[in-house]
>>> print(open('start.csv').read())   # CSV, C-alpha atoms (C1' of nucleotides)
chain,number,residue,atom,x,y,z
A,1,MET,CA,24.1,-60.2,211.1
A,2,ASP,CA,26.6,-59.3,208.4
A,3,ILE,CA,29.0,-61.8,209.8
A,4,ILE,CA,26.3,-64.6,209.6
A,5,PHE,CA,25.5,-63.6,206.0
A,6,ARG,CA,29.2,-63.7,205.1
A,7,GLU,CA,29.5,-67.2,206.6
A,8,LYS,CA,26.4,-68.3,204.7
A,9,LEU,CA,27.9,-67.1,201.5
A,10,GLN,CA,31.1,-69.1,202.2
A,11,GLU,CA,29.1,-72.2,203.1
A,12,LYS,CA,27.4,-72.0,199.7
A,13,GLY,CA,30.8,-71.5,198.0
A,14,LEU,CA,29.9,-68.0,197.0
A,15,LYS,CA,32.5,-65.3,197.2
A,16,VAL,CA,32.0,-62.6,199.7
A,17,THR,CA,31.8,-59.4,197.7
A,18,PRO,CA,30.9,-55.9,198.9
A,19,GLN,CA,28.1,-55.9,196.4
A,20,ARG,CA,26.5,-59.0,197.8
A,21,VAL,CA,26.8,-57.7,201.3
A,22,ALA,CA,25.4,-54.3,200.3
A,23,ILE,CA,22.4,-55.8,198.5
A,24,TYR,CA,21.6,-58.1,201.4
A,25,GLU,CA,21.8,-55.2,203.8
A,26,ALA,CA,19.4,-53.3,201.6
A,27,ILE,CA,16.8,-56.0,201.8
A,28,VAL,CA,17.1,-56.2,205.5
A,29,LYS,CA,16.8,-52.5,205.8
A,30,LEU,CA,13.9,-52.3,203.4
A,31,ASN,CA,12.2,-54.9,205.5
A,32,ASN,CA,8.8,-54.4,204.0
A,33,HIS,CA,9.4,-56.9,201.3
A,34,PRO,CA,11.2,-54.8,198.7
A,35,THR,CA,10.8,-55.4,195.0
A,36,ALA,CA,13.9,-55.6,192.8
A,37,GLU,CA,13.2,-52.0,191.9
A,38,ASN,CA,13.1,-51.0,195.6
A,39,VAL,CA,16.4,-52.6,196.1
A,40,ILE,CA,17.9,-50.9,193.0
A,41,ASP,CA,16.7,-47.5,194.2
A,42,TYR,CA,18.2,-48.0,197.6
A,43,ILE,CA,21.4,-49.2,196.1
A,44,LYS,CA,21.6,-46.2,193.7
A,45,GLU,CA,21.3,-44.0,196.8
A,46,ASN,CA,23.8,-45.7,199.0
A,47,HIS,CA,26.1,-47.6,196.6
A,48,PRO,CA,25.9,-45.7,193.3
A,49,ASN,CA,28.8,-47.7,191.8
A,50,ILE,CA,26.9,-51.0,191.9
A,51,SER,CA,25.3,-51.6,188.6
A,52,VAL,CA,21.7,-52.6,188.0
A,53,GLY,CA,22.6,-55.9,186.3
A,54,THR,CA,24.6,-56.9,189.4
A,55,VAL,CA,21.6,-56.3,191.6
A,56,TYR,CA,19.5,-58.7,189.5
A,57,ASN,CA,22.3,-61.2,189.4
A,58,VAL,CA,22.9,-61.1,193.1
A,59,LEU,CA,19.2,-61.4,193.9
A,60,ASP,CA,19.0,-64.4,191.7
A,61,SER,CA,22.0,-66.1,193.0
A,62,LEU,CA,20.9,-65.5,196.6
A,63,VAL,CA,17.5,-66.9,195.9
A,64,GLU,CA,19.1,-69.9,194.2
A,65,ASN,CA,21.2,-70.6,197.2
A,66,THR,CA,18.3,-70.1,199.6
A,67,LEU,CA,19.8,-67.0,201.3
A,68,LEU,CA,16.8,-65.2,200.2
A,69,LYS,CA,13.2,-66.1,199.4
A,70,LYS,CA,10.9,-64.8,196.7
A,71,VAL,CA,7.3,-63.8,197.6
A,72,LYS,CA,4.4,-63.2,195.3
A,73,THR,CA,1.9,-60.4,195.4
A,74,GLU,CA,-1.6,-59.8,194.3
A,75,LYS,CA,-0.5,-57.3,191.7
A,76,ASP,CA,1.6,-58.3,188.7
A,77,ILE,CA,-0.7,-61.1,188.0
A,78,MET,CA,-0.3,-63.1,184.9
A,79,ARG,CA,-3.1,-65.6,184.3
A,80,TYR,CA,-6.6,-65.4,183.3
A,81,ASP,CA,-9.4,-67.6,184.6
A,82,ALA,CA,-12.9,-68.0,183.2
A,83,ILE,CA,-14.1,-69.6,186.4
A,84,LEU,CA,-15.4,-66.8,188.6
A,85,SER,CA,-16.4,-68.7,191.7
A,86,ASN,CA,-14.2,-68.4,194.8
A,87,HIS,CA,-11.6,-71.1,194.6
A,88,HIS,CA,-8.1,-72.0,195.6
A,89,HIS,CA,-5.3,-73.4,193.4
A,90,LEU,CA,-3.3,-76.5,193.2
A,91,TYR,CA,0.0,-75.7,191.6
A,92,CYS,CA,2.8,-77.9,190.4
A,93,ALA,CA,6.0,-75.9,190.1
A,94,GLU,CA,7.6,-78.5,187.9
A,95,THR,CA,5.1,-78.6,185.2
A,96,ASP,CA,3.6,-75.1,185.8
A,97,ARG,CA,0.2,-76.7,185.8
A,98,ILE,CA,-2.6,-75.2,187.8
A,99,GLU,CA,-5.9,-76.7,188.7
A,100,ASP,CA,-8.8,-75.2,190.6
A,101,TYR,CA,-9.6,-76.4,194.1
A,102,VAL,CA,-13.0,-75.8,195.5
A,103,ASP,CA,-13.5,-76.9,199.1
A,104,GLU,CA,-16.3,-75.2,201.1
A,105,LYS,CA,-15.5,-77.3,204.2
A,106,LEU,CA,-12.0,-75.9,204.2
A,107,ASN,CA,-13.2,-72.4,203.6
A,108,ASN,CA,-15.5,-72.7,206.6
A,109,LEU,CA,-12.8,-74.1,208.7
A,110,ILE,CA,-10.5,-71.2,207.9
A,111,ASN,CA,-13.2,-68.6,208.3
A,112,GLU,CA,-14.1,-70.0,211.7
A,113,TYR,CA,-10.5,-70.0,212.7
A,114,PHE,CA,-10.1,-66.4,211.9
A,115,GLU,CA,-13.4,-65.6,213.5
A,116,ALA,CA,-12.0,-67.0,216.7
A,117,ASN,CA,-8.5,-65.8,216.3
A,118,LYS,CA,-8.6,-62.2,214.9
A,119,ILE,CA,-5.4,-60.8,213.5
A,120,LYS,CA,-4.3,-57.7,215.4
A,121,ASN,CA,-4.7,-54.5,213.3
A,122,PHE,CA,-5.9,-56.3,210.2
A,123,LYS,CA,-9.3,-56.8,208.7
A,124,VAL,CA,-9.4,-59.9,206.6
A,125,GLN,CA,-11.2,-59.5,203.3
A,126,ASP,CA,-10.2,-62.6,201.4
A,127,ILE,CA,-8.1,-65.7,201.9
A,128,LYS,CA,-6.5,-67.6,199.1
A,129,LEU,CA,-4.6,-70.8,199.4
A,130,GLN,CA,-1.8,-71.6,197.0
A,131,ILE,CA,-1.3,-75.4,197.4
A,132,THR,CA,2.0,-76.4,195.9
A,133,GLY,CA,2.8,-80.0,195.1
A,134,LYS,CA,2.7,-82.7,192.5
A,135,PHE,CA,0.0,-84.2,190.4
A,136,ASN,CA,-0.1,-87.9,190.2
A,137,ASN,CA,-1.4,-88.1,186.7
A,138,ASN,CA,-0.7,-86.2,183.6
A,139,ILE,CA,-4.2,-86.2,182.2
A,140,LYS,CA,-6.3,-83.2,182.6
A,141,SER,CA,-9.5,-84.0,184.4
B,1,MET,CA,-22.0,-70.6,176.4
B,2,ASP,CA,-21.3,-68.1,173.7
B,3,ILE,CA,-24.7,-66.7,174.0
B,4,ILE,CA,-24.3,-66.2,177.7
B,5,PHE,CA,-21.1,-64.4,177.2
B,6,ARG,CA,-22.7,-62.1,174.6
B,7,GLU,CA,-25.4,-61.3,177.1
B,8,LYS,CA,-22.9,-60.5,179.8
B,9,LEU,CA,-21.1,-58.1,177.5
B,10,GLN,CA,-24.3,-56.3,176.8
B,11,GLU,CA,-25.3,-56.2,180.4
B,12,LYS,CA,-22.0,-54.4,181.1
B,13,GLY,CA,-22.5,-52.0,178.2
B,14,LEU,CA,-19.7,-53.5,176.2
B,15,LYS,CA,-20.1,-54.0,172.5
B,16,VAL,CA,-20.2,-57.6,171.2
B,17,THR,CA,-17.2,-57.8,168.9
B,18,PRO,CA,-15.8,-60.9,167.2
B,19,GLN,CA,-12.5,-60.2,168.9
B,20,ARG,CA,-14.0,-60.3,172.3
B,21,VAL,CA,-15.9,-63.5,171.6
B,22,ALA,CA,-12.8,-65.2,170.1
B,23,ILE,CA,-10.6,-64.3,173.0
B,24,TYR,CA,-13.2,-65.5,175.5
B,25,GLU,CA,-13.5,-68.7,173.7
B,26,ALA,CA,-9.7,-69.1,173.7
B,27,ILE,CA,-9.6,-68.8,177.4
B,28,VAL,CA,-12.4,-71.4,177.9
B,29,LYS,CA,-10.7,-73.7,175.4
B,30,LEU,CA,-7.3,-73.3,177.1
B,31,ASN,CA,-8.9,-74.2,180.4
B,32,ASN,CA,-5.6,-74.7,182.2
B,33,HIS,CA,-5.4,-71.1,183.2
B,34,PRO,CA,-3.7,-69.5,180.2
B,35,THR,CA,-1.3,-66.7,180.4
B,36,ALA,CA,-1.8,-63.7,178.2
B,37,GLU,CA,0.9,-65.2,176.0
B,38,ASN,CA,-1.0,-68.5,175.8
B,39,VAL,CA,-4.0,-66.6,174.6
B,40,ILE,CA,-2.0,-64.6,172.1
B,41,ASP,CA,-0.5,-67.8,170.7
B,42,TYR,CA,-3.9,-69.4,170.4
B,43,ILE,CA,-5.3,-66.3,168.8
B,44,LYS,CA,-2.5,-66.2,166.3
B,45,GLU,CA,-3.3,-69.7,165.2
B,46,ASN,CA,-7.0,-69.3,165.0
B,47,HIS,CA,-7.6,-65.7,164.4
B,48,PRO,CA,-4.5,-64.3,162.8
B,49,ASN,CA,-6.1,-61.0,162.0
B,50,ILE,CA,-6.6,-60.1,165.7
B,51,SER,CA,-3.7,-58.0,166.9
B,52,VAL,CA,-1.7,-58.5,170.0
B,53,GLY,CA,-2.7,-55.1,171.5
B,54,THR,CA,-6.3,-56.1,171.2
B,55,VAL,CA,-5.8,-59.2,173.1
B,56,TYR,CA,-4.3,-57.3,176.0
B,57,ASN,CA,-7.1,-54.7,175.8
B,58,VAL,CA,-9.8,-57.2,175.7
B,59,LEU,CA,-8.3,-59.2,178.6
B,60,ASP,CA,-8.1,-56.1,180.7
B,61,SER,CA,-11.6,-54.9,180.0
B,62,LEU,CA,-13.1,-58.3,180.7
B,63,VAL,CA,-11.2,-58.4,184.0
B,64,GLU,CA,-12.4,-54.9,184.8
B,65,ASN,CA,-16.0,-56.0,184.1
B,66,THR,CA,-15.6,-59.2,186.1
B,67,LEU,CA,-16.2,-61.4,183.1
B,68,LEU,CA,-12.8,-62.9,183.8
B,69,LYS,CA,-10.6,-63.2,186.8
B,70,LYS,CA,-6.9,-62.9,187.3
B,71,VAL,CA,-5.0,-65.6,189.1
B,72,LYS,CA,-1.5,-65.5,190.4
B,73,THR,CA,1.2,-68.1,190.1
B,74,GLU,CA,4.4,-69.1,191.8
B,75,LYS,CA,6.5,-68.1,188.9
B,76,ASP,CA,6.9,-64.5,187.9
B,77,ILE,CA,7.5,-63.5,191.4
B,78,MET,CA,8.6,-60.0,192.3
B,79,ARG,CA,9.5,-59.6,195.9
B,80,TYR,CA,12.4,-60.6,198.0
B,81,ASP,CA,12.2,-61.6,201.6
B,82,ALA,CA,15.1,-62.0,204.0
B,83,ILE,CA,13.0,-64.0,206.5
B,84,LEU,CA,13.3,-67.6,205.6
B,85,SER,CA,11.0,-69.3,208.1
B,86,ASN,CA,7.7,-70.6,206.8
B,87,HIS,CA,5.2,-67.9,207.0
B,88,HIS,CA,2.1,-66.5,205.3
B,89,HIS,CA,1.4,-63.0,204.2
B,90,LEU,CA,-1.0,-60.3,205.0
B,91,TYR,CA,-1.5,-58.1,202.0
B,92,CYS,CA,-3.3,-54.8,201.5
B,93,ALA,CA,-4.1,-54.2,197.9
B,94,GLU,CA,-4.7,-50.5,198.4
B,95,THR,CA,-1.3,-49.7,199.9
B,96,ASP,CA,0.6,-52.6,198.5
B,97,ARG,CA,1.9,-53.3,202.0
B,98,ILE,CA,2.9,-56.8,203.0
B,99,GLU,CA,3.5,-58.1,206.5
B,100,ASP,CA,4.6,-61.5,207.5
B,101,TYR,CA,2.1,-63.7,209.4
B,102,VAL,CA,3.4,-66.6,211.4
B,103,ASP,CA,0.8,-68.8,213.0
B,104,GLU,CA,1.8,-72.4,214.0
B,105,LYS,CA,-1.7,-73.1,215.3
B,106,LEU,CA,-3.2,-72.3,211.9
B,107,ASN,CA,-0.5,-74.4,210.1
B,108,ASN,CA,-1.3,-77.3,212.3
B,109,LEU,CA,-5.0,-76.9,211.7
B,110,ILE,CA,-4.5,-76.9,207.9
B,111,ASN,CA,-2.1,-79.7,207.9
B,112,GLU,CA,-4.5,-81.8,210.0
B,113,TYR,CA,-7.3,-81.0,207.6
B,114,PHE,CA,-5.3,-82.2,204.6
B,115,GLU,CA,-4.1,-85.2,206.5
B,116,ALA,CA,-7.8,-86.2,207.0
B,117,ASN,CA,-9.0,-84.9,203.6
B,118,LYS,CA,-6.5,-85.9,200.9
B,119,ILE,CA,-6.8,-84.2,197.6
B,120,LYS,CA,-7.3,-86.7,194.8
B,121,ASN,CA,-4.3,-87.2,192.5
B,122,PHE,CA,-2.3,-84.5,194.2
B,123,LYS,CA,0.6,-84.7,196.8
B,124,VAL,CA,0.7,-81.5,198.8
B,125,GLN,CA,4.2,-80.1,199.4
B,126,ASP,CA,3.5,-76.6,200.7
B,127,ILE,CA,0.6,-74.4,201.5
B,128,LYS,CA,0.7,-70.7,201.5
B,129,LEU,CA,-2.0,-68.3,202.6
B,130,GLN,CA,-2.4,-65.0,201.0
B,131,ILE,CA,-4.6,-63.0,203.4
B,132,THR,CA,-5.9,-59.9,201.7
B,133,GLY,CA,-7.5,-57.1,203.6
B,134,LYS,CA,-6.8,-53.8,205.3
B,135,PHE,CA,-4.4,-52.7,208.0
B,136,ASN,CA,-5.8,-50.6,210.8
B,137,ASN,CA,-2.7,-48.5,211.3
B,138,ASN,CA,-0.2,-47.0,209.1
B,139,ILE,CA,2.7,-47.5,211.4
B,140,LYS,CA,5.1,-50.4,210.7
B,141,SER,CA,5.3,-52.7,213.7
C,1,DT,C1',52.5,-62.9,196.0
C,2,DA,C1',50.5,-64.8,191.9
C,3,DC,C1',47.0,-67.0,189.6
C,4,DA,C1',42.4,-68.8,188.0
C,5,DC,C1',38.0,-68.1,187.8
C,6,DA,C1',34.0,-66.1,189.8
C,7,DA,C1',31.9,-61.7,190.0
C,8,DT,C1',31.1,-57.1,188.4
C,9,DG,C1',30.2,-52.8,185.4
C,10,DA,C1',28.6,-50.9,181.4
C,11,DT,C1',25.7,-51.2,178.0
C,12,DA,C1',23.2,-53.6,174.3
C,13,DA,C1',19.5,-56.7,173.6
C,14,DT,C1',15.2,-58.8,174.6
C,15,DC,C1',10.5,-59.4,175.6
C,16,DA,C1',6.1,-58.6,177.5
C,17,DT,C1',3.1,-54.9,177.9
C,18,DT,C1',1.4,-50.2,177.0
C,19,DC,C1',0.6,-46.3,174.1
C,20,DT,C1',-0.5,-43.7,169.9
C,21,DT,C1',-3.1,-42.8,166.0
C,22,DA,C1',-5.5,-43.7,162.1
C,23,DT,C1',-9.1,-46.7,160.6
C,24,DT,C1',-13.0,-49.7,161.2
C,25,DT,C1',-17.2,-51.3,163.3
C,26,DA,C1',-21.3,-52.1,166.5
C,27,DG,C1',-25.5,-50.7,167.5
C,28,DG,C1',-28.8,-47.0,168.4
C,29,DA,C1',-31.5,-43.4,165.8
C,30,DA,C1',-33.6,-41.5,161.8
D,1,DT,C1',-32.4,-50.0,155.9
D,2,DT,C1',-29.1,-46.4,156.1
D,3,DC,C1',-26.6,-43.0,158.8
D,4,DC,C1',-24.0,-41.6,162.6
D,5,DT,C1',-21.1,-41.5,166.7
D,6,DA,C1',-18.6,-43.4,170.1
D,7,DA,C1',-16.3,-47.5,171.0
D,8,DA,C1',-13.2,-50.8,169.5
D,9,DT,C1',-9.4,-52.4,166.7
D,10,DA,C1',-4.9,-52.8,163.9
D,11,DA,C1',-0.3,-51.7,163.3
D,12,DG,C1',3.5,-50.5,165.0
D,13,DA,C1',6.3,-47.4,168.0
D,14,DA,C1',7.6,-46.8,172.8
D,15,DT,C1',8.4,-48.2,177.3
D,16,DG,C1',10.3,-50.4,181.1
D,17,DA,C1',11.9,-54.2,183.6
D,18,DT,C1',14.9,-58.0,183.1
D,19,DT,C1',18.6,-60.6,180.8
D,20,DA,C1',22.7,-61.2,178.0
D,21,DT,C1',27.3,-59.9,176.5
D,22,DC,C1',31.9,-59.2,177.2
D,23,DA,C1',35.8,-56.8,178.8
D,24,DT,C1',37.7,-55.7,183.4
D,25,DT,C1',38.2,-56.4,188.3
D,26,DG,C1',38.6,-58.8,192.7
D,27,DT,C1',38.3,-62.9,195.7
D,28,DG,C1',40.3,-66.6,197.8
D,29,DT,C1',43.4,-70.3,197.2
D,30,DA,C1',48.0,-72.4,196.1
>>> encode(input="start.csv", output="structure tokens")
Amino acid sequence: MDIIFREKLQEKGLKVTPQRVAIYEAIVKLNNHPTAENVIDYIKENHPNISVGTVYNVLDSLVENTLLKKVKTEKDIMRYDAILSNHHHLYCAETDRIEDYVDEKLNNLINEYFEANKIKNFKVQDIKLQITGKFNNNIKS
Amino acid sequence: MDIIFREKLQEKGLKVTPQRVAIYEAIVKLNNHPTAENVIDYIKENHPNISVGTVYNVLDSLVENTLLKKVKTEKDIMRYDAILSNHHHLYCAETDRIEDYVDEKLNNLINEYFEANKIKNFKVQDIKLQITGKFNNNIKS
DNA sequence: TACACAATGATAATCATTCTTATTTAGGAA
DNA sequence: TTCCTAAATAAGAATGATTATCATTGTGTA
């Protein structure tokens, strides 16, 4: 696994440093989707000479080079919405624009699906779709 | 609209203050899902005597009393994931635990749905499900 | 082996958010 | 209407995560 990671670094033209390897290993070991902070804590335990700034830098550069992905959570939420009905979101990463997307037919489809295909060991309470893409116009509806 | 908001405040036992009304109006006016910062900027323009701390307080208390909702975005992302394949997430708000959820059948269902039901003025690039609920066990699989 | 430049360490700076405390105000009671 | 009390607010300090700075170190190539 290490070897593959080292190869990937080289493919991307990134130097293979012990810090990068250690940080990647930390994420794999902390396989429950660690936060940057989780990684920093782990690194402090196991590689106390790696500095905090480096962890952030490495994480960023690995994400930039698609050796790592970022994932969002329910917490640490940033936007406020005066519309209270249940709705999904259309999101354009380029322009940072968000629009609401209400679609009862889709909700039913998904609910039926999970009714028929239960997830093992998990009770579903709510499902939100984040639909990423591009808007065709620049005018707000 | 204002009147309804004032009534809602009273129902919740919250005092009707000019600050709360102004901040609510700001969110309605900035209807493209403002960030706290967006609201603060707007307030600074239109109600320069309302302090930044108050904006945060009011936003929080309105969310707590379900007069406002929070919405997440792609940016401001906090978690790192070494699994690069396309997958959704099961999320438990209580324990902050995240598990990957891979389901090709579901992906196909959703893709087919959007194939048949295009969204007006929007080109879909990626769809992510955030499935919130509760895990039945505490043991990591 | 030497060199150039990318990467790192240490720490300062930043920026959004939260906290603190004194002051003000909304809204019920007299 | 006026008074009173708890709730709400203003101002600014404090916090905490992230980013920037810059001198030093290390990787990988010639």
>>> interface_residues(input="start.csv", of="chain B", to="chain C", cutoff="10 Å", atoms="only C-alpha atoms (C1' of nucleotides)", output="PDB file with C-alpha atoms, keeping the file's coordinate frame")
ATOM      1  CA  LEU B  14     -19.700 -53.500 176.200  1.00  0.00           C
ATOM      2  CA  LYS B  15     -20.100 -54.000 172.500  1.00  0.00           C
ATOM      3  CA  VAL B  16     -20.200 -57.600 171.200  1.00  0.00           C
ATOM      4  CA  THR B  17     -17.200 -57.800 168.900  1.00  0.00           C
ATOM      5  CA  ALA B  36      -1.800 -63.700 178.200  1.00  0.00           C
ATOM      6  CA  GLU B  37       0.900 -65.200 176.000  1.00  0.00           C
ATOM      7  CA  VAL B  52      -1.700 -58.500 170.000  1.00  0.00           C
ATOM      8  CA  GLY B  53      -2.700 -55.100 171.500  1.00  0.00           C
ATOM      9  CA  TYR B  56      -4.300 -57.300 176.000  1.00  0.00           C
ATOM     10  CA  ASN B  57      -7.100 -54.700 175.800  1.00  0.00           C
TER      11      ASN B  57
END
>>> closest_residue(input="start.csv", among="B:Thr54, B:Gln10, B:Thr35, B:Asn86", to="chain A", atoms="all atoms listed in the file")
B:Thr35
>>> atom_distance(input="start.csv", atom1="atom C1' of D:DA6", atom2="atom CA of B:Tyr24")
23.4 Å
>>> residues_around(input="start.csv", residues="A:Ile127", least_positions_apart="5", cutoff="10 Å", atoms="only C-alpha atoms (C1' of nucleotides)", output="compact mmCIF listing (two decimals) with C-alpha atoms, in the coordinates of the input")
# COMPACT_ATOMS: atom_id res chain seq x y z
CA ASN A 86 -14.20 -68.40 194.80
CA HIS A 87 -11.60 -71.10 194.60
CA HIS A 88 -8.10 -72.00 195.60
CA ASN A 107 -13.20 -72.40 203.60
CA ILE A 110 -10.50 -71.20 207.90
CA ASN A 111 -13.20 -68.60 208.30
CA LEU B 90 -1.00 -60.30 205.00
CA LEU B 129 -2.00 -68.30 202.60
CA GLN B 130 -2.40 -65.00 201.00
CA ILE B 131 -4.60 -63.00 203.40
CA THR B 132 -5.90 -59.90 201.70
CA GLY B 133 -7.50 -57.10 203.60
>>> atom_distance(input="start.csv", atom1="atom CA of B:Thr66", atom2="atom CA of A:Tyr91")
23.4 Å
>>> closest_atom_pairs(input="start.csv", of="chain D", to="chain B", cutoff="10 Å", atoms="only C-alpha atoms (C1' of nucleotides)", output="tab-separated table")
residue	atom	partner	partner_atom	distance
D:DA7	C1'	B:Lys15	CA	7.7
D:DA8	C1'	B:Thr17	CA	8.1
D:DT9	C1'	B:Thr54	CA	6.6
D:DA10	C1'	B:Ser51	CA	6.1
D:DA11	C1'	B:Ser51	CA	8.0
>>> residues_around(input="start.csv", residues="B:Ile3", least_positions_apart="2", cutoff="12 Å", atoms="all atoms listed in the file", output="list in words")
Met1, Phe5, Arg6, Glu7, Lys8, Leu9, Gln10, Val16, Val21, Tyr24 and Glu25 of chain B
>>> closest_residue(input="start.csv", among="A:Pro18, A:Ile4, A:Glu11, A:Lys120", to="chain B", atoms="only C-alpha atoms")
A:Lys120
>>> closest_residue(input="start.csv", among="A:Cys92, A:Asp103, A:Lys69, A:Glu115", to="chain B", atoms="all atoms listed in the file")
A:Lys69
>>> closest_residue(input="start.csv", among="B:Ser61, B:Asn31, B:Asn108, B:Thr95", to="chain A", atoms="all atoms listed in the file")
B:Asn31
>>> atom_distance(input="start.csv", atom1="atom CA of B:Asn121", atom2="atom CA of A:Lys134")
8.3 Å
>>> closest_residue(input="start.csv", among="B:Val28, B:Leu62, B:Ile40, B:Ala116", to="chain A", atoms="only C-alpha atoms")
B:Val28
